[in-house]
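Read the structure below first, then the notes.
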Amino acid sequence: METANPRTAQADPITSQNKRINVIASKFPLSFWEMTVAVIVVLGFIFGLLGVYLTLPPSDYSFLKLPRTLQDLQILRDHLESYTSDYTAQVLVGYCVVYIFMQTFMIPGTVFMSLLAGALFGVFKGVALVVFTATAGASSCYFLSKVIGRPLVFSLWPDKLNFFQEQVARRKHGLLNYMLFLRLTPTLPNTFINVASPIVDIPYHIFFLATFIGLIPAAYVTVKAGIALGELKTMGDLYDFKSVATLFLIGIVSITPTLLTKSKP
């Protein structure tokens, strides 16, 4: 009859503890700088909303809600136009915090926020604002997904994830061009790209550059449409055939260097 080795028995709790530490560490794969960025984003939400709340004048803010239709957006625009001229900083901060929050937690409706930027700030300022907030929100979503996103993506988009992973593996040497192509065209939803990118090991600097540059054309189309918000009858009027074809053409141009490199012997 075999007896338990006392040393082995004593080592088991230590081994189990090490395993638990490894499991915990694997749940938090952020580097120091990535964690710093994530903390800054969270603090930005808190202090941004608090600052806007404390500095707005007393008034009836029942009109403030996330727009879900063009009618909601037009009502919001009509009320905010006067506030924007008198309380520009508060409106800007509030807009940024809301947009980044929506992007981070994948809340639908950012297209309405882009239209609102055009209606309130014009083309140049509106595009700069949308590109900044969209990039910041996508980055925040990227880091959040790196910590807790894997089960979500596997359950919601298993087929898209397999496709994305295969394409990324095939285009490692032209990854920036491929990511630009995805951002410029509706091949994959932007929400999915934000969540899935860290899971398929796309480096953050590639993700950031593709997001920042790739969102500019679509932001321009949406913000410009926001200037003539009253002329929009449905969301289908926003992206007509000419706009979609232009975005696809830019996307094809962006991925052409990768295709030419792959075709060389």
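Scheme for the structure tokens: letters A, B, ... for chains in order shown; per-chain residue numbers from 1; ligand numbers from 1 in order shown.
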
Contact check, stretch 110-160 of chain A to stretch 38-58 of chain A, at most 10 Å, counting only C-alpha atoms, closest pairs as a Markdown table:
```
| residue | atom | partner | partner_atom | distance |
| --- | --- | --- | --- | --- |
| A:Ala136 | CA | A:Val41 | CA | 8.4 |
| A:Gly137 | CA | A:Val41 | CA | 8.8 |
| A:Ser139 | CA | A:Ala38 | CA | 8.8 |
| A:Ser140 | CA | A:Ala38 | CA | 6.4 |
| A:Cys141 | CA | A:Ala38 | CA | 9.3 |
| A:Tyr142 | CA | A:Ala38 | CA | 9.6 |
| A:Phe143 | CA | A:Ala38 | CA | 6.6 |
| A:Leu144 | CA | A:Ala38 | CA | 7.6 |
```

**Request:** as a ChimeraX atom specification, list the residues of stretch 47-235 of chain A assigned to helix (DSSP H, G or I) by DSSP on the backbone atoms of this structure.
**Result:** /A:47-55,70-86,88-104,110-156,158-170,172-184,190-196,204-227,229-231,235

Selection export as a compact mmCIF listing (two decimals), in the first residue's frame, atoms kept: C-alpha atoms:
```txt
# COMPACT_ATOMS: atom_id res chain seq x y z
CA PHE A 47 -14.89 63.74 -14.60
CA GLY A 48 -16.29 64.70 -17.99
CA LEU A 49 -19.88 63.97 -17.05
CA LEU A 50 -19.44 65.53 -13.62
CA GLY A 51 -17.92 68.68 -15.07
CA VAL A 52 -20.67 69.08 -17.65
CA TYR A 53 -23.36 68.54 -15.02
CA LEU A 54 -21.92 71.08 -12.61
CA THR A 55 -21.36 73.85 -15.16
CA LEU A 70 -34.03 61.47 -37.31
CA GLN A 71 -36.93 63.21 -35.56
CA ASP A 72 -35.22 62.76 -32.17
CA LEU A 73 -32.01 64.12 -33.66
CA GLN A 74 -33.70 67.19 -35.11
CA ILE A 75 -35.29 68.01 -31.75
CA LEU A 76 -31.93 67.60 -30.01
CA ARG A 77 -30.24 69.81 -32.62
CA ASP A 78 -32.85 72.55 -32.24
CA HIS A 79 -32.36 72.69 -28.44
CA LEU A 80 -28.56 72.42 -28.46
CA GLU A 81 -27.89 75.11 -31.07
CA SER A 82 -28.37 77.93 -28.55
CA TYR A 83 -26.38 76.08 -25.87
CA THR A 84 -23.49 75.47 -28.29
CA SER A 85 -22.91 79.19 -28.85
CA ASP A 86 -23.12 80.11 -25.15
CA THR A 88 -19.33 75.62 -26.25
CA ALA A 89 -16.87 73.90 -23.89
CA GLN A 90 -19.59 72.10 -21.94
CA VAL A 91 -21.31 70.89 -25.11
CA LEU A 92 -18.00 69.68 -26.57
CA VAL A 93 -17.02 67.77 -23.43
CA GLY A 94 -20.48 66.29 -23.06
CA TYR A 95 -20.51 65.24 -26.72
CA CYS A 96 -17.08 63.60 -26.45
CA VAL A 97 -17.92 61.72 -23.26
CA VAL A 98 -21.22 60.40 -24.65
CA TYR A 99 -19.70 59.36 -28.00
CA ILE A 100 -16.73 57.59 -26.40
CA PHE A 101 -19.04 55.88 -23.90
CA MET A 102 -21.26 54.60 -26.74
CA GLN A 103 -18.27 53.32 -28.70
CA THR A 104 -16.71 51.67 -25.67
CA THR A 110 -23.12 56.79 -33.07
CA VAL A 111 -24.19 57.64 -36.64
CA PHE A 112 -26.74 60.03 -35.14
CA MET A 113 -23.99 61.58 -33.03
CA SER A 114 -21.91 62.11 -36.18
CA LEU A 115 -24.84 63.81 -37.88
CA LEU A 116 -25.26 66.00 -34.79
CA ALA A 117 -21.60 67.07 -35.00
CA GLY A 118 -22.18 68.37 -38.51
CA ALA A 119 -25.37 70.17 -37.52
CA LEU A 120 -23.74 71.90 -34.53
CA PHE A 121 -20.11 72.49 -35.58
CA GLY A 122 -19.89 72.42 -39.38
CA VAL A 123 -17.80 70.21 -41.65
CA PHE A 124 -14.19 70.86 -40.56
CA LYS A 125 -14.76 70.96 -36.80
CA GLY A 126 -17.38 68.21 -37.04
CA VAL A 127 -15.08 65.78 -38.88
CA ALA A 128 -12.22 66.47 -36.44
CA LEU A 129 -14.56 65.90 -33.50
CA VAL A 130 -16.04 62.68 -34.89
CA VAL A 131 -12.67 61.19 -35.86
CA PHE A 132 -11.20 62.02 -32.43
CA THR A 133 -14.13 60.63 -30.43
CA ALA A 134 -14.59 57.58 -32.66
CA THR A 135 -10.89 56.70 -32.43
CA ALA A 136 -10.85 57.22 -28.65
CA GLY A 137 -14.01 55.14 -28.22
CA ALA A 138 -12.73 52.36 -30.47
CA SER A 139 -9.44 52.31 -28.52
CA SER A 140 -11.31 52.12 -25.23
CA CYS A 141 -13.38 49.22 -26.59
CA TYR A 142 -10.17 47.52 -27.80
CA PHE A 143 -8.62 47.55 -24.32
CA LEU A 144 -11.85 46.51 -22.63
CA SER A 145 -12.24 43.60 -25.04
CA LYS A 146 -8.66 42.55 -24.39
CA VAL A 147 -9.66 41.91 -20.79
CA ILE A 148 -13.21 40.50 -21.03
CA GLY A 149 -14.18 40.37 -24.69
CA ARG A 150 -13.19 36.85 -25.73
CA PRO A 151 -16.30 35.00 -24.44
CA LEU A 152 -18.55 37.71 -25.88
CA VAL A 153 -17.07 37.53 -29.38
CA PHE A 154 -17.06 33.72 -29.43
CA SER A 155 -20.74 33.64 -28.48
CA LEU A 156 -22.01 36.48 -30.70
CA PRO A 158 -18.17 32.87 -34.10
CA ASP A 159 -18.27 32.76 -37.92
CA LYS A 160 -17.09 36.35 -38.35
CA LEU A 161 -14.30 35.73 -35.85
CA ASN A 162 -13.03 32.69 -37.76
CA PHE A 163 -13.11 34.64 -41.02
CA PHE A 164 -11.36 37.64 -39.45
CA GLN A 165 -8.68 35.47 -37.86
CA GLU A 166 -7.94 33.70 -41.15
CA GLN A 167 -7.68 36.99 -43.05
CA VAL A 168 -5.38 38.54 -40.44
CA ALA A 169 -3.11 35.46 -40.49
CA ARG A 170 -2.84 35.66 -44.29
CA LYS A 172 0.50 39.78 -41.51
CA HIS A 173 2.90 41.71 -43.75
CA GLY A 174 0.20 44.09 -45.03
CA LEU A 175 -1.98 44.29 -41.94
CA LEU A 176 -2.28 48.07 -41.92
CA ASN A 177 -3.59 48.11 -45.49
CA TYR A 178 -6.08 45.36 -44.69
CA MET A 179 -7.33 47.15 -41.58
CA LEU A 180 -7.69 50.37 -43.59
CA PHE A 181 -9.75 48.44 -46.12
CA LEU A 182 -12.05 47.17 -43.37
CA ARG A 183 -12.48 50.64 -41.89
CA LEU A 184 -13.22 52.21 -45.26
CA ASN A 190 -16.89 48.54 -36.98
CA THR A 191 -18.24 47.32 -33.65
CA PHE A 192 -17.05 43.80 -34.41
CA ILE A 193 -13.62 45.08 -35.52
CA ASN A 194 -13.21 47.01 -32.26
CA VAL A 195 -14.03 44.00 -30.10
CA ALA A 196 -12.33 41.27 -32.15
CA TYR A 204 -2.68 48.40 -31.06
CA HIS A 205 -0.57 50.76 -33.16
CA ILE A 206 -1.93 49.12 -36.33
CA PHE A 207 -5.47 49.27 -34.94
CA PHE A 208 -5.07 52.94 -33.99
CA LEU A 209 -3.63 54.10 -37.31
CA ALA A 210 -6.21 52.21 -39.36
CA THR A 211 -9.03 53.56 -37.22
CA PHE A 212 -7.82 57.16 -37.21
CA ILE A 213 -7.16 57.31 -40.95
CA GLY A 214 -9.86 54.93 -42.13
CA LEU A 215 -12.75 56.70 -40.41
CA ILE A 216 -12.09 60.09 -42.03
CA PRO A 217 -13.97 59.50 -45.36
CA ALA A 218 -17.10 58.04 -43.71
CA ALA A 219 -17.00 60.78 -41.06
CA TYR A 220 -16.87 63.41 -43.78
CA VAL A 221 -19.90 61.94 -45.56
CA THR A 222 -21.94 61.72 -42.35
CA VAL A 223 -20.94 65.12 -40.94
CA LYS A 224 -21.65 66.84 -44.24
CA ALA A 225 -25.10 65.25 -44.31
CA GLY A 226 -25.68 66.56 -40.79
CA ILE A 227 -25.42 70.15 -42.04
CA LEU A 229 -30.21 67.50 -41.46
CA GLY A 230 -33.68 68.81 -42.33
CA GLU A 231 -33.38 67.39 -45.85
CA MET A 235 -31.22 56.95 -42.92
```
